[in-house]
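Heads up: the structure comes next, in structure tokens.
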Amino acid sequence: MSRWRRRAGVAAAAAGLAGVMSVSTAILAQPDVDPAGAAAGTAAAVDLGVGGDPGAGISALQARLTRLPEDWNAWGMLGSAYVAQAQQSADASYYARAEEAFSRSLAVRAEDNVTAVAGQGVLAASRHDFVAALELGQEALRLNPWSPVAHGVTVDALIELGRYDDAATQLQQMVDLRPDVASFTRVSYHRELSGDVDGAREALVQAGRFAFAPADSAFVEQYLGQLALNEGDLARARAHYEEGLRHTPGAPRLLAGRAAVQAAEGDVDAALEDYREATTRLPEPGYLIAYAELLEAHGRADEADEQYAVLDAVAQVMRDAGANPDLELALYYADHARPEAALELAEREWGVRRSVHTEDAYAWALHVNGRDEEALVHAEAAQHTGFRNASFAYHRGMIQKSLGLQDDARASLAEALEINPGFSPLHAPRAAAALDELGGPDELDTAG
């Protein structure tokens, strides 16, 4: 969700954060609307069956286009169904099919074709081309300011480009237009990035009021589980993942989430089985890395290498299909003795994508290349929204340790383990070992 994320001075960062928080609070005001009515509107908007199972939607749309080859709207919807199928299957070949379907739609109707333009934006975002996604989302909004898809892709692009205040403004419009699972889950992520975990959870609870299909309920449970897991609340995370799997048995994203919980609990065999099933169904880079690192952490190096080889193959297929897995790969390369490749990818991403996640990855890539003073600037700047993340704190702490900033390093490493003691099967033990080497959290100098 995998899924996947800046600094002009402390005063400017604080002012920006204040703006994000105030707008996000407004977003959480529940609109006066009947959830059932909103759901009916959503169903009407996807009248050819594309909203639920992409495979069924693809078949229905292909049959319609056989009869009505000039139906520009159906071509646009077919493109969106192909994108959804790519996301659900990790089969990047569907991206090319989507591109062709959108082109066919625009060939029939070049003007005022919001279905195809918004769909192209979703395709660009799915490929992690967020600059193009933003341009297309904004173009779609000019064509139809009431399009929920156009609002959604614009919000996603703004967040991934690190333009959090602009995203908050766009989010408010999206919620006002259509309060539903799509809008409130985006509110949740924005609030999480702002450091407001309770507000993020509240937004997901609100999203659940609009979850009338099993897949929507599972989607909400998945993100409630992720929030709990990121806080180290394993019991709550497990409960959400199990509830999601009750709605959609075998869903790979939920299996991967449950696997992370099981790994943190020490139930390695169960975790590996869930990861195996999840990555078989959905071989996304993030899940493959988590699976391989768990194998590596428990001495199963040959099996880990097999999964790393699968990861390399999947990444190449994604690139061949026009998708961009570079942010995930930058961290992977940094953690697995490929420092030059890590820095090349992270630097390229940072050039266009100024999110906190990109800045953290860039800091870590600089660190493994021995450029710790530069790395620390970016590791500290990655905190500017208030986002609490154990991996971020671990990266910052290890950079501080390399620079001899022992008190700062102890504080950061202790923070990582406080946020989530089992945040990574490889890095959580390294954080604990480094903290012990520095004297442990009890020896922090708190006199100042």
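Going through the structure tokens in order, the chains are called A, B, and so on, while each chain numbers its residues from 1 and the ligands are numbered from 1 in the order shown.
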
Which residues are close to Arg253 in chain A, i.e. within 12 Å by only C-alpha atoms, leaving aside same-chain residues fewer than 4 positions away? Reply as a PyMOL selection string.
chain A and resi 1-3+87-90+215+218-223+225-226+241-242+244-245+248-249+257-260+274-284+286-288

I want to know what sits within 12 Å of Arg142 in chain A, based on only C-alpha atoms, with residues of the same chain fewer than 3 positions away left out; could you give that as a PDB file with N, CA and C atoms, in the first residue's frame?
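out-v5.pdb, written as the output of this step:
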ATOM      1  N   GLU A 111     -13.201  16.709 -26.692  1.00  0.00           N
ATOM      2  CA  GLU A 111     -13.573  17.835 -25.844  1.00  0.00           C
ATOM      3  C   GLU A 111     -14.464  17.378 -24.700  1.00  0.00           C
ATOM      4  N   ASP A 112     -14.246  18.000 -23.527  1.00  0.00           N
ATOM      5  CA  ASP A 112     -15.129  17.791 -22.362  1.00  0.00           C
ATOM      6  C   ASP A 112     -15.249  16.317 -21.971  1.00  0.00           C
ATOM      7  N   ASN A 113     -14.181  15.578 -22.120  1.00  0.00           N
ATOM      8  CA  ASN A 113     -14.206  14.146 -21.806  1.00  0.00           C
ATOM      9  C   ASN A 113     -13.558  13.930 -20.444  1.00  0.00           C
ATOM     10  N   VAL A 114     -14.292  14.255 -19.390  1.00  0.00           N
ATOM     11  CA  VAL A 114     -13.725  14.174 -18.045  1.00  0.00           C
ATOM     12  C   VAL A 114     -13.468  12.720 -17.653  1.00  0.00           C
ATOM     13  N   VAL A 117      -9.972  11.953 -19.075  1.00  0.00           N
ATOM     14  CA  VAL A 117      -8.909  12.781 -18.493  1.00  0.00           C
ATOM     15  C   VAL A 117      -8.687  12.425 -17.026  1.00  0.00           C
ATOM     16  N   ALA A 118      -9.763  12.293 -16.262  1.00  0.00           N
ATOM     17  CA  ALA A 118      -9.614  11.889 -14.859  1.00  0.00           C
ATOM     18  C   ALA A 118      -9.020  10.491 -14.769  1.00  0.00           C
ATOM     19  N   GLU A 135      -1.467  17.442 -12.974  1.00  0.00           N
ATOM     20  CA  GLU A 135      -1.887  18.206 -14.153  1.00  0.00           C
ATOM     21  C   GLU A 135      -3.205  17.661 -14.711  1.00  0.00           C
ATOM     22  N   LEU A 136      -3.301  16.341 -14.793  1.00  0.00           N
ATOM     23  CA  LEU A 136      -4.509  15.729 -15.343  1.00  0.00           C
ATOM     24  C   LEU A 136      -5.691  15.886 -14.396  1.00  0.00           C
ATOM     25  N   GLY A 137      -5.439  15.746 -13.089  1.00  0.00           N
ATOM     26  CA  GLY A 137      -6.512  15.942 -12.124  1.00  0.00           C
ATOM     27  C   GLY A 137      -7.058  17.356 -12.177  1.00  0.00           C
ATOM     28  N   GLN A 138      -6.176  18.339 -12.273  1.00  0.00           N
ATOM     29  CA  GLN A 138      -6.625  19.730 -12.350  1.00  0.00           C
ATOM     30  C   GLN A 138      -7.346  20.008 -13.665  1.00  0.00           C
ATOM     31  N   GLU A 139      -6.885  19.402 -14.760  1.00  0.00           N
ATOM     32  CA  GLU A 139      -7.595  19.558 -16.031  1.00  0.00           C
ATOM     33  C   GLU A 139      -8.997  18.964 -15.938  1.00  0.00           C
ATOM     34  N   PRO A 145     -15.991  20.396 -12.157  1.00  0.00           N
ATOM     35  CA  PRO A 145     -15.591  20.643 -10.763  1.00  0.00           C
ATOM     36  C   PRO A 145     -16.259  19.730  -9.762  1.00  0.00           C
ATOM     37  N   TRP A 146     -17.259  18.953 -10.180  1.00  0.00           N
ATOM     38  CA  TRP A 146     -17.978  18.070  -9.269  1.00  0.00           C
ATOM     39  C   TRP A 146     -17.541  16.615  -9.404  1.00  0.00           C
ATOM     40  N   SER A 147     -16.494  16.355 -10.160  1.00  0.00           N
ATOM     41  CA  SER A 147     -16.058  14.974 -10.364  1.00  0.00           C
ATOM     42  C   SER A 147     -15.301  14.447  -9.138  1.00  0.00           C
ATOM     43  N   ALA A 150     -11.794  13.204 -10.127  1.00  0.00           N
ATOM     44  CA  ALA A 150     -10.834  14.285 -10.360  1.00  0.00           C
ATOM     45  C   ALA A 150     -10.340  14.865  -9.045  1.00  0.00           C
ATOM     46  N   HIS A 151     -11.233  15.045  -8.081  1.00  0.00           N
ATOM     47  CA  HIS A 151     -10.801  15.528  -6.765  1.00  0.00           C
ATOM     48  C   HIS A 151      -9.843  14.532  -6.115  1.00  0.00           C
ATOM     49  N   THR A 154      -6.358  14.486  -7.686  1.00  0.00           N
ATOM     50  CA  THR A 154      -5.667  15.737  -7.375  1.00  0.00           C
ATOM     51  C   THR A 154      -5.156  15.732  -5.945  1.00  0.00           C
TER      52      THR A 154
END

Write down as a ChimeraX atom specification the residues of range 224-428 of chain A whose backbone DSSP state falls under alpha helix (DSSP H).
/A:224-230,234-247,252-265,268-281,285-297,301-320,326-335,339-350,356-368,372-381,390-402,406-419,427-428

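Here CA of Arg238 in chain A and CA of Leu294 in chain A stand 18.1 Å from one another.
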
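Of the listed residues A:Ala428, A:Leu366, A:Ala167, A:Leu403, the one whose atoms come nearest to Ala297 in chain A is A:Ala428, with distances taken using only C-alpha atoms.
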
So that I can check the surroundings of range 316-322 of chain A, please list as a ChimeraX atom specification every protein, DNA and RNA residue that reaches within 12 Å of it, counting only C-alpha atoms and ignoring chain neighbours fewer than 4 positions away.
/A:86-87,90-99,123-129,283-285,309-312,326,329
